[in-house]
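Note: the block below is my_file_37.pdb and it holds PDB, N, CA and C atoms.
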ATOM      1  N   MET Z 290      -4.178  29.520  22.686
ATOM      2  CA  MET Z 290      -2.971  28.722  22.676
ATOM      3  C   MET Z 290      -1.832  29.572  22.126
ATOM      4  N   GLN Z 291      -0.689  29.429  22.697
ATOM      5  CA  GLN Z 291       0.491  30.179  22.275
ATOM      6  C   GLN Z 291       1.616  29.178  21.997
ATOM      7  N   ILE Z 292       2.278  29.350  20.881
ATOM      8  CA  ILE Z 292       3.410  28.494  20.550
ATOM      9  C   ILE Z 292       4.661  29.124  21.131
ATOM     10  N   ASP Z 293       5.443  28.315  21.836
ATOM     11  CA  ASP Z 293       6.652  28.838  22.457
ATOM     12  C   ASP Z 293       7.893  28.161  21.865
ATOM     13  N   ARG Z 294       9.026  28.589  22.320
ATOM     14  CA  ARG Z 294      10.308  28.089  21.818
ATOM     15  C   ARG Z 294      10.457  26.584  22.062
ATOM     16  N   HIS Z 295       9.978  26.114  23.200
ATOM     17  CA  HIS Z 295      10.077  24.691  23.530
ATOM     18  C   HIS Z 295       9.318  23.849  22.493
ATOM     19  N   LEU Z 296       8.139  24.293  22.087
ATOM     20  CA  LEU Z 296       7.359  23.560  21.092
ATOM     21  C   LEU Z 296       8.062  23.578  19.737
ATOM     22  N   ILE Z 297       8.641  24.697  19.364
ATOM     23  CA  ILE Z 297       9.376  24.787  18.099
ATOM     24  C   ILE Z 297      10.535  23.793  18.094
ATOM     25  N   LEU Z 298      11.271  23.711  19.186
ATOM     26  CA  LEU Z 298      12.391  22.772  19.276
ATOM     27  C   LEU Z 298      11.899  21.324  19.186
ATOM     28  N   ARG Z 299      10.774  21.048  19.799
ATOM     29  CA  ARG Z 299      10.204  19.688  19.748
ATOM     30  C   ARG Z 299       9.747  19.344  18.331
ATOM     31  N   LEU Z 300       9.072  20.295  17.673
ATOM     32  CA  LEU Z 300       8.639  20.071  16.290
ATOM     33  C   LEU Z 300       9.839  19.893  15.370
ATOM     34  N   GLU Z 301      10.865  20.669  15.601
ATOM     35  CA  GLU Z 301      12.090  20.561  14.807
ATOM     36  C   GLU Z 301      12.676  19.154  14.933
ATOM     37  N   ASN Z 302      12.694  18.632  16.138
ATOM     38  CA  ASN Z 302      13.213  17.290  16.381
ATOM     39  C   ASN Z 302      12.324  16.233  15.718
ATOM     40  N   LEU Z 303      11.011  16.349  15.880
ATOM     41  CA  LEU Z 303      10.092  15.359  15.307
ATOM     42  C   LEU Z 303      10.142  15.350  13.785
ATOM     43  N   ALA Z 304      10.330  16.514  13.186
ATOM     44  CA  ALA Z 304      10.368  16.618  11.731
ATOM     45  C   ALA Z 304      11.780  16.401  11.185
ATOM     46  N   ARG Z 305      12.714  16.111  12.062
ATOM     47  CA  ARG Z 305      14.108  15.904  11.667
ATOM     48  C   ARG Z 305      14.662  17.102  10.888
ATOM     49  N   LEU Z 306      14.384  18.300  11.430
ATOM     50  CA  LEU Z 306      14.866  19.541  10.824
ATOM     51  C   LEU Z 306      16.017  20.091  11.634
ATOM     52  N   GLN Z 307      16.837  20.884  11.004
ATOM     53  CA  GLN Z 307      17.894  21.603  11.700
ATOM     54  C   GLN Z 307      17.750  23.072  11.305
ATOM     55  N   LEU Z 308      17.054  23.812  12.148
ATOM     56  CA  LEU Z 308      16.791  25.218  11.865
ATOM     57  C   LEU Z 308      17.823  26.101  12.548
ATOM     58  N   SER Z 309      18.106  27.212  11.916
ATOM     59  CA  SER Z 309      18.970  28.204  12.550
ATOM     60  C   SER Z 309      18.123  29.001  13.551
ATOM     61  N   GLU Z 310      18.790  29.791  14.364
ATOM     62  CA  GLU Z 310      18.061  30.617  15.342
ATOM     63  C   GLU Z 310      17.097  31.560  14.628
ATOM     64  N   GLU Z 311      17.555  32.123  13.526
ATOM     65  CA  GLU Z 311      16.712  33.044  12.757
ATOM     66  C   GLU Z 311      15.477  32.317  12.206
ATOM     67  N   GLU Z 312      15.680  31.104  11.705
ATOM     68  CA  GLU Z 312      14.557  30.322  11.172
ATOM     69  C   GLU Z 312      13.584  29.927  12.285
ATOM     70  N   ARG Z 313      14.118  29.600  13.455
ATOM     71  CA  ARG Z 313      13.244  29.263  14.593
ATOM     72  C   ARG Z 313      12.380  30.461  14.979
ATOM     73  N   ASP Z 314      13.004  31.643  15.040
ATOM     74  CA  ASP Z 314      12.253  32.851  15.398
ATOM     75  C   ASP Z 314      11.168  33.138  14.361
ATOM     76  N   LEU Z 315      11.512  32.980  13.095
ATOM     77  CA  LEU Z 315      10.547  33.202  12.028
ATOM     78  C   LEU Z 315       9.407  32.194  12.114
ATOM     79  N   MET Z 316       9.737  30.932  12.365
ATOM     80  CA  MET Z 316       8.729  29.882  12.488
ATOM     81  C   MET Z 316       7.804  30.159  13.672
ATOM     82  N   LEU Z 317       8.370  30.565  14.780
ATOM     83  CA  LEU Z 317       7.601  30.910  15.974
ATOM     84  C   LEU Z 317       6.620  32.032  15.667
ATOM     85  N   HIS Z 318       7.106  33.061  15.005
ATOM     86  CA  HIS Z 318       6.268  34.203  14.650
ATOM     87  C   HIS Z 318       5.151  33.783  13.696
ATOM     88  N   ASP Z 319       5.499  33.040  12.632
ATOM     89  CA  ASP Z 319       4.510  32.629  11.631
ATOM     90  C   ASP Z 319       3.427  31.723  12.221
ATOM     91  N   LEU Z 320       3.826  30.759  13.032
ATOM     92  CA  LEU Z 320       2.845  29.841  13.618
ATOM     93  C   LEU Z 320       1.912  30.560  14.581
ATOM     94  N   ASN Z 321       2.443  31.512  15.339
ATOM     95  CA  ASN Z 321       1.580  32.282  16.242
ATOM     96  C   ASN Z 321       0.603  33.156  15.463
ATOM     97  N   GLU Z 322       1.028  33.693  14.322
ATOM     98  CA  GLU Z 322       0.104  34.466  13.483
ATOM     99  C   GLU Z 322      -1.001  33.595  12.916
ATOM    100  N   ILE Z 323      -0.649  32.378  12.515
ATOM    101  CA  ILE Z 323      -1.656  31.444  12.003
ATOM    102  C   ILE Z 323      -2.682  31.139  13.087
ATOM    103  N   LEU Z 324      -2.212  30.898  14.294
ATOM    104  CA  LEU Z 324      -3.146  30.623  15.397
ATOM    105  C   LEU Z 324      -4.043  31.812  15.691
ATOM    106  N   GLU Z 325      -3.517  33.020  15.584
ATOM    107  CA  GLU Z 325      -4.340  34.214  15.790
ATOM    108  C   GLU Z 325      -5.444  34.303  14.743
ATOM    109  N   MET Z 326      -5.129  33.967  13.494
ATOM    110  CA  MET Z 326      -6.150  33.982  12.438
ATOM    111  C   MET Z 326      -7.238  32.954  12.709
ATOM    112  N   VAL Z 327      -6.834  31.785  13.168
ATOM    113  CA  VAL Z 327      -7.807  30.743  13.484
ATOM    114  C   VAL Z 327      -8.681  31.173  14.656
ATOM    115  N   GLU Z 328      -8.097  31.815  15.638
ATOM    116  CA  GLU Z 328      -8.871  32.319  16.782
ATOM    117  C   GLU Z 328      -9.907  33.344  16.335
ATOM    118  N   LYS Z 329      -9.587  34.166  15.345
ATOM    119  CA  LYS Z 329     -10.541  35.141  14.825
ATOM    120  C   LYS Z 329     -11.761  34.441  14.241
ATOM    121  N   LEU Z 330     -11.554  33.291  13.651
ATOM    122  CA  LEU Z 330     -12.687  32.529  13.102
ATOM    123  C   LEU Z 330     -13.661  32.110  14.204
ATOM    124  N   ASN Z 331     -13.146  31.879  15.408
ATOM    125  CA  ASN Z 331     -14.013  31.504  16.527
ATOM    126  C   ASN Z 331     -14.958  32.633  16.931
ATOM    127  N   GLU Z 332     -14.643  33.872  16.540
ATOM    128  CA  GLU Z 332     -15.493  35.009  16.871
ATOM    129  C   GLU Z 332     -16.738  35.079  15.990
ATOM    130  N   LEU Z 333     -16.728  34.377  14.866
ATOM    131  CA  LEU Z 333     -17.863  34.421  13.948
ATOM    132  C   LEU Z 333     -19.071  33.707  14.517
ATOM    133  N   ASP Z 334     -20.250  34.278  14.269
ATOM    134  CA  ASP Z 334     -21.497  33.646  14.690
ATOM    135  C   ASP Z 334     -21.931  32.675  13.594
ATOM    136  N   THR Z 335     -21.828  31.401  13.868
ATOM    137  CA  THR Z 335     -22.199  30.371  12.885
ATOM    138  C   THR Z 335     -23.437  29.600  13.326
ATOM    139  N   GLU Z 336     -24.225  30.199  14.191
ATOM    140  CA  GLU Z 336     -25.399  29.527  14.761
ATOM    141  C   GLU Z 336     -26.376  29.062  13.683
ATOM    142  N   ASN Z 337     -26.711  29.914  12.726
ATOM    143  CA  ASN Z 337     -27.716  29.567  11.717
ATOM    144  C   ASN Z 337     -27.112  29.253  10.353
ATOM    145  N   VAL Z 338     -25.871  28.834  10.338
ATOM    146  CA  VAL Z 338     -25.200  28.518   9.079
ATOM    147  C   VAL Z 338     -25.155  27.005   8.903
ATOM    148  N   GLU Z 339     -25.666  26.550   7.750
ATOM    149  CA  GLU Z 339     -25.631  25.117   7.481
ATOM    150  C   GLU Z 339     -24.219  24.687   7.140
ATOM    151  N   PRO Z 340     -23.818  23.514   7.597
ATOM    152  CA  PRO Z 340     -22.479  23.022   7.235
ATOM    153  C   PRO Z 340     -22.371  22.845   5.720
ATOM    154  N   LEU Z 341     -21.220  23.161   5.183
ATOM    155  CA  LEU Z 341     -20.979  23.055   3.751
ATOM    156  C   LEU Z 341     -20.574  21.623   3.412
ATOM    157  N   ILE Z 342     -21.334  21.023   2.518
ATOM    158  CA  ILE Z 342     -21.010  19.666   2.093
ATOM    159  C   ILE Z 342     -20.318  19.707   0.739
ATOM    160  N   TYR Z 343     -20.876  20.486  -0.182
ATOM    161  CA  TYR Z 343     -20.304  20.616  -1.516
ATOM    162  C   TYR Z 343     -19.990  22.087  -1.779
ATOM    163  N   LEU Z 344     -18.946  22.341  -2.534
ATOM    164  CA  LEU Z 344     -18.575  23.713  -2.832
ATOM    165  C   LEU Z 344     -19.489  24.345  -3.865
ATOM    166  N   SER Z 345     -20.175  23.529  -4.642
ATOM    167  CA  SER Z 345     -21.005  24.046  -5.719
ATOM    168  C   SER Z 345     -22.300  23.254  -5.778
ATOM    169  N   ASN Z 346     -23.371  23.926  -6.194
ATOM    170  CA  ASN Z 346     -24.649  23.229  -6.358
ATOM    171  C   ASN Z 346     -24.732  22.534  -7.703
ATOM    172  N   GLN Z 347     -23.795  22.812  -8.583
ATOM    173  CA  GLN Z 347     -23.812  22.219  -9.910
ATOM    174  C   GLN Z 347     -23.325  20.778  -9.853
ATOM    175  N   SER Z 348     -23.909  19.954 -10.720
ATOM    176  CA  SER Z 348     -23.439  18.577 -10.789
ATOM    177  C   SER Z 348     -22.222  18.524 -11.703
ATOM    178  N   GLN Z 349     -21.379  17.568 -11.484
ATOM    179  CA  GLN Z 349     -20.181  17.442 -12.298
ATOM    180  C   GLN Z 349     -20.528  16.883 -13.666
ATOM    181  N   GLN Z 350     -19.940  17.475 -14.679
ATOM    182  CA  GLN Z 350     -20.118  16.988 -16.037
ATOM    183  C   GLN Z 350     -18.985  16.019 -16.336
ATOM    184  N   LEU Z 351     -19.271  14.743 -16.246
ATOM    185  CA  LEU Z 351     -18.254  13.734 -16.485
ATOM    186  C   LEU Z 351     -18.329  13.260 -17.928
ATOM    187  N   ARG Z 352     -17.196  12.992 -18.503
ATOM    188  CA  ARG Z 352     -17.188  12.484 -19.870
ATOM    189  C   ARG Z 352     -17.501  10.994 -19.849
ATOM    190  N   SER Z 353     -18.041  10.498 -20.934
ATOM    191  CA  SER Z 353     -18.323   9.071 -21.012
ATOM    192  C   SER Z 353     -17.027   8.321 -21.290
ATOM    193  N   ASP Z 354     -16.936   7.122 -20.791
ATOM    194  CA  ASP Z 354     -15.756   6.301 -21.018
ATOM    195  C   ASP Z 354     -15.756   5.803 -22.450
ATOM    196  N   GLU Z 355     -14.619   5.934 -23.086
ATOM    197  CA  GLU Z 355     -14.462   5.448 -24.449
ATOM    198  C   GLU Z 355     -13.234   4.554 -24.509
ATOM    199  N   VAL Z 356     -13.378   3.423 -25.178
ATOM    200  CA  VAL Z 356     -12.258   2.515 -25.338
ATOM    201  C   VAL Z 356     -11.377   3.061 -26.451
ATOM    202  N   LYS Z 357     -10.099   3.292 -26.120
ATOM    203  CA  LYS Z 357      -9.149   3.842 -27.093
ATOM    204  C   LYS Z 357      -7.802   3.155 -26.927
ATOM    205  N   GLY Z 358      -7.051   3.108 -27.984
ATOM    206  CA  GLY Z 358      -5.664   2.662 -27.916
ATOM    207  C   GLY Z 358      -5.476   1.250 -27.426
ATOM    208  N   GLN Z 359      -6.311   0.336 -27.815
ATOM    209  CA  GLN Z 359      -6.160  -1.041 -27.374
ATOM    210  C   GLN Z 359      -4.996  -1.706 -28.085
ATOM    211  N   VAL Z 360      -4.345  -2.606 -27.389
ATOM    212  CA  VAL Z 360      -3.279  -3.394 -27.999
ATOM    213  C   VAL Z 360      -3.697  -4.858 -27.987
ATOM    214  N   THR Z 361      -3.152  -5.600 -28.910
ATOM    215  CA  THR Z 361      -3.458  -7.031 -28.961
ATOM    216  C   THR Z 361      -2.702  -7.736 -27.844
ATOM    217  N   THR Z 362      -3.105  -8.954 -27.561
ATOM    218  CA  THR Z 362      -2.425  -9.744 -26.538
ATOM    219  C   THR Z 362      -0.960  -9.938 -26.907
ATOM    220  N   GLU Z 363      -0.708 -10.193 -28.157
ATOM    221  CA  GLU Z 363       0.675 -10.405 -28.605
ATOM    222  C   GLU Z 363       1.519  -9.147 -28.395
ATOM    223  N   GLU Z 364       0.954  -7.973 -28.694
ATOM    224  CA  GLU Z 364       1.682  -6.711 -28.501
ATOM    225  C   GLU Z 364       1.960  -6.459 -27.023
ATOM    226  N   ALA Z 365       0.991  -6.781 -26.177
ATOM    227  CA  ALA Z 365       1.153  -6.561 -24.736
ATOM    228  C   ALA Z 365       2.225  -7.474 -24.161
ATOM    229  N   LEU Z 366       2.307  -8.700 -24.647
ATOM    230  CA  LEU Z 366       3.265  -9.670 -24.112
ATOM    231  C   LEU Z 366       4.632  -9.600 -24.786
ATOM    232  N   LYS Z 367       4.755  -8.799 -25.830
ATOM    233  CA  LYS Z 367       5.967  -8.761 -26.639
ATOM    234  C   LYS Z 367       7.221  -8.461 -25.802
ATOM    235  N   ASN Z 368       7.167  -7.517 -24.875
ATOM    236  CA  ASN Z 368       8.342  -7.126 -24.092
ATOM    237  C   ASN Z 368       8.367  -7.726 -22.688
ATOM    238  N   ALA Z 369       7.456  -8.646 -22.402
ATOM    239  CA  ALA Z 369       7.412  -9.256 -21.069
ATOM    240  C   ALA Z 369       8.612 -10.180 -20.889
ATOM    241  N   PRO Z 370       9.239 -10.178 -19.719
ATOM    242  CA  PRO Z 370      10.381 -11.060 -19.498
ATOM    243  C   PRO Z 370       9.996 -12.542 -19.501
ATOM    244  N   ALA Z 371       8.770 -12.838 -19.058
ATOM    245  CA  ALA Z 371       8.320 -14.242 -19.041
ATOM    246  C   ALA Z 371       6.819 -14.282 -19.274
ATOM    247  N   THR Z 372       6.406 -15.228 -20.095
ATOM    248  CA  THR Z 372       4.974 -15.410 -20.368
ATOM    249  C   THR Z 372       4.633 -16.882 -20.297
ATOM    250  N   GLU Z 373       3.356 -17.128 -20.143
ATOM    251  CA  GLU Z 373       2.854 -18.504 -20.171
ATOM    252  C   GLU Z 373       1.511 -18.454 -20.886
ATOM    253  N   GLY Z 374       1.496 -18.835 -22.122
ATOM    254  CA  GLY Z 374       0.294 -18.702 -22.934
ATOM    255  C   GLY Z 374      -0.024 -17.222 -23.100
ATOM    256  N   PRO Z 375      -1.278 -16.853 -22.897
ATOM    257  CA  PRO Z 375      -1.653 -15.443 -23.064
ATOM    258  C   PRO Z 375      -1.492 -14.615 -21.782
ATOM    259  N   TYR Z 376      -0.644 -15.078 -20.840
ATOM    260  CA  TYR Z 376      -0.531 -14.411 -19.542
ATOM    261  C   TYR Z 376       0.910 -13.977 -19.259
ATOM    262  N   PHE Z 377       1.048 -12.946 -18.425
ATOM    263  CA  PHE Z 377       2.353 -12.563 -17.902
ATOM    264  C   PHE Z 377       2.725 -13.570 -16.821
ATOM    265  N   LYS Z 378       3.960 -13.984 -16.786
ATOM    266  CA  LYS Z 378       4.416 -14.904 -15.743
ATOM    267  C   LYS Z 378       5.267 -14.094 -14.775
ATOM    268  N   VAL Z 379       4.866 -14.092 -13.508
ATOM    269  CA  VAL Z 379       5.570 -13.305 -12.495
ATOM    270  C   VAL Z 379       5.957 -14.195 -11.325
ATOM    271  N   PRO Z 380       6.974 -13.813 -10.566
ATOM    272  CA  PRO Z 380       7.352 -14.615  -9.402
ATOM    273  C   PRO Z 380       6.261 -14.576  -8.328
ATOM    274  N   LYS Z 381       6.165 -15.656  -7.610
ATOM    275  CA  LYS Z 381       5.193 -15.757  -6.523
ATOM    276  C   LYS Z 381       5.616 -14.809  -5.397
ATOM    277  N   VAL Z 382       4.669 -13.967  -4.934
ATOM    278  CA  VAL Z 382       5.007 -13.006  -3.884
ATOM    279  C   VAL Z 382       4.145 -13.187  -2.637
ATOM    280  N   ILE Z 383       3.102 -13.972  -2.725
ATOM    281  CA  ILE Z 383       2.213 -14.190  -1.573
ATOM    282  C   ILE Z 383       2.378 -15.613  -1.103
ATOM    283  N   LYS Z 384       2.703 -15.772   0.162
ATOM    284  CA  LYS Z 384       2.865 -17.097   0.732
ATOM    285  C   LYS Z 384       1.514 -17.610   1.202
ATOM    286  N   GLN Z 385       1.279 -18.879   0.963
ATOM    287  CA  GLN Z 385       0.037 -19.491   1.441
ATOM    288  C   GLN Z 385       0.273 -20.094   2.811
ATOM    289  N   HIS Z 386      -0.652 -19.828   3.742
ATOM    290  CA  HIS Z 386      -0.555 -20.389   5.094
ATOM    291  C   HIS Z 386      -1.394 -21.639   5.140
ATOM    292  N   LYS Z 387      -0.819 -22.682   5.706
ATOM    293  CA  LYS Z 387      -1.546 -23.961   5.802
ATOM    294  C   LYS Z 387      -2.076 -24.160   7.183
TER
END

Can you dump the structure from the file as C-alpha coordinates?
Amino acid sequence: MQIDRHLILRLENLARLQLSEEERDLMLHDLNEILEMVEKLNELDTENVEPLIYLSNQSQQLRSDEVKGQVTTEEALKNAPATEGPYFKVPKVIKQHK
(Lines of atoms letter the chains of each structure in order from A and count residues from 1; the text may use other names and numbers.)
(Lines give C-alpha, C1' and ligand atoms only; values in the text may rest on other atoms or scores of the structure.)
Protein backbone atom coordinates (compact mmCIF):
# COMPACT_ATOMS: atom_id res chain seq x y z
CA MET A 1 0.00 0.00 0.00
CA GLN A 2 1.25 3.47 -0.82
CA ILE A 3 -0.05 6.70 0.68
CA ASP A 4 -0.54 9.42 -1.89
CA ARG A 5 -1.33 13.13 -1.85
CA HIS A 6 -5.06 12.50 -2.32
CA LEU A 7 -5.19 10.40 0.87
CA ILE A 8 -3.27 13.05 2.83
CA LEU A 9 -5.76 15.71 1.72
CA ARG A 10 -8.67 13.46 2.71
CA LEU A 11 -7.14 12.72 6.13
CA GLU A 12 -6.49 16.42 6.61
CA ASN A 13 -10.15 17.14 5.94
CA LEU A 14 -11.43 14.34 8.20
CA ALA A 15 -9.17 15.42 11.06
CA ARG A 16 -10.11 19.08 10.54
CA LEU A 17 -6.45 20.02 10.02
CA GLN A 18 -4.98 22.78 7.92
CA LEU A 19 -1.52 21.68 6.87
CA SER A 20 0.95 23.66 4.84
CA GLU A 21 2.46 22.15 1.70
CA GLU A 22 5.65 21.43 3.62
CA GLU A 23 3.71 19.68 6.40
CA ARG A 24 1.76 17.63 3.84
CA ASP A 25 5.00 16.49 2.19
CA LEU A 26 6.48 15.60 5.57
CA MET A 27 3.32 13.71 6.56
CA LEU A 28 3.33 11.82 3.26
CA HIS A 29 6.95 10.84 3.74
CA ASP A 30 6.51 9.80 7.40
CA LEU A 31 3.38 7.72 6.79
CA ASN A 32 5.00 5.90 3.87
CA GLU A 33 8.02 5.10 6.06
CA ILE A 34 5.73 3.71 8.75
CA LEU A 35 4.03 1.49 6.18
CA GLU A 36 7.41 0.25 4.95
CA MET A 37 8.34 -0.76 8.51
CA VAL A 38 5.07 -2.62 8.91
CA GLU A 39 5.64 -4.40 5.59
CA LYS A 40 9.04 -5.57 6.88
CA LEU A 41 7.24 -7.28 9.75
CA ASN A 42 5.33 -9.35 7.18
CA GLU A 43 8.67 -10.86 6.09
CA LEU A 44 9.17 -12.51 9.48
CA ASP A 45 8.48 -16.22 9.82
CA THR A 46 5.97 -16.51 12.66
CA GLU A 47 4.84 -20.05 11.87
CA ASN A 48 5.97 -21.62 15.17
CA VAL A 49 5.59 -18.57 17.40
CA GLU A 50 2.87 -18.65 20.04
CA PRO A 51 0.72 -15.53 20.25
CA LEU A 52 1.70 -13.28 23.14
CA ILE A 53 -1.01 -12.95 25.74
CA TYR A 54 0.93 -11.44 28.63
CA LEU A 55 4.14 -9.44 28.51
CA SER A 56 5.52 -11.16 31.60
CA ASN A 57 5.21 -14.56 33.23
CA GLN A 58 5.26 -12.95 36.65
CA SER A 59 2.04 -12.40 38.52
CA GLN A 60 1.18 -8.89 39.58
CA GLN A 61 1.88 -7.98 43.16
CA LEU A 62 -1.22 -6.08 44.20
CA ARG A 63 -1.46 -4.28 47.49
CA SER A 64 -4.27 -5.14 49.86
CA ASP A 65 -7.09 -2.65 50.18
CA GLU A 66 -6.95 -0.62 53.35
CA VAL A 67 -9.63 1.72 54.61
CA LYS A 68 -8.07 5.15 55.16
CA GLY A 69 -9.20 8.73 55.54
CA GLN A 70 -12.85 8.11 56.30
CA VAL A 71 -15.11 11.05 57.00
CA THR A 72 -18.26 11.07 59.07
CA THR A 73 -21.65 11.52 57.45
CA GLU A 74 -21.88 15.01 58.91
CA GLU A 75 -18.48 15.98 57.44
CA ALA A 76 -19.44 14.61 54.02
CA LEU A 77 -22.74 16.52 53.97
CA LYS A 78 -21.31 19.72 55.44
CA ASN A 79 -20.70 21.47 52.07
CA ALA A 80 -23.57 19.87 50.13
CA PRO A 81 -25.99 22.40 48.61
CA ALA A 82 -28.99 20.27 49.62
CA THR A 83 -29.45 17.31 51.93
CA GLU A 84 -32.29 15.19 53.17
CA GLY A 85 -31.45 13.32 56.33
CA PRO A 86 -28.17 11.46 55.85
CA TYR A 87 -28.34 11.76 52.03
CA PHE A 88 -27.30 14.21 49.32
CA LYS A 89 -30.33 15.72 47.61
CA VAL A 90 -29.89 16.12 43.86
CA PRO A 91 -32.20 17.15 41.02
CA LYS A 92 -34.00 14.39 39.18
CA VAL A 93 -32.17 13.62 35.91
CA ILE A 94 -33.79 10.37 34.74
CA LYS A 95 -37.30 10.47 33.38
CA GLN A 96 -39.58 7.55 34.07
CA HIS A 97 -41.50 6.14 31.10
CA LYS A 98 -45.03 5.00 31.77

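For region 323-328 of chain Z, the residues within 10 Å (counting only C-alpha atoms, excluding itself and residues fewer than 5 positions away along the chain) are Met290, Gln291, Ile292, His318 and Leu333 of chain Z.
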
Subject >> Gap from atom C of Ala365 (chain Z) to CA of Lys384 (chain Z) - Å, one decimal >> reply: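 CA of Lys384 (chain Z) lies at a distance of 26.7 Å from atom C of Ala365 (chain Z).
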
**OP:** Give me every helix (DSSP H, G or I) residue in chain Z, going by DSSP on the backbone, as a PyMOL selection string.
**Re:** chain Z and resi 294-303+310-330+362-366

Subject >> Length of the CA of Asn331 (chain Z) to CA of Leu344 (chain Z) vector [Å] >> reply: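 We find that CA of Asn331 (chain Z) and CA of Leu344 (chain Z) lie 21.4 Å from each other.
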
Put a box with edges along x, y and z around all the listed atoms of region 338-353 of chain Z, pad it by 4 Å on each side, then give me its centre and sizes in Å, one decimal, as AutoDock Vina command-line options.
--center_x -21.4 --center_y 18.6 --center_z -5.5 --size_x 16.8 --size_y 28.5 --size_z 39.6

Original post:
Separation of atom C of Val379 (chain Z) and atom C of Thr361 (chain Z), in Å?
Top reply: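 Computing it gives 19.7 Å between the two atoms.
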
Original post:
Which polymer residues have any atom within 9 Å of an atom of region 294-298 of chain Z, counting only C-alpha atoms, with same-chain residues fewer than 2 positions away left out, as a PyMOL selection string?
Top reply: chain Z and resi 292+300-303+308+313-314+316-317
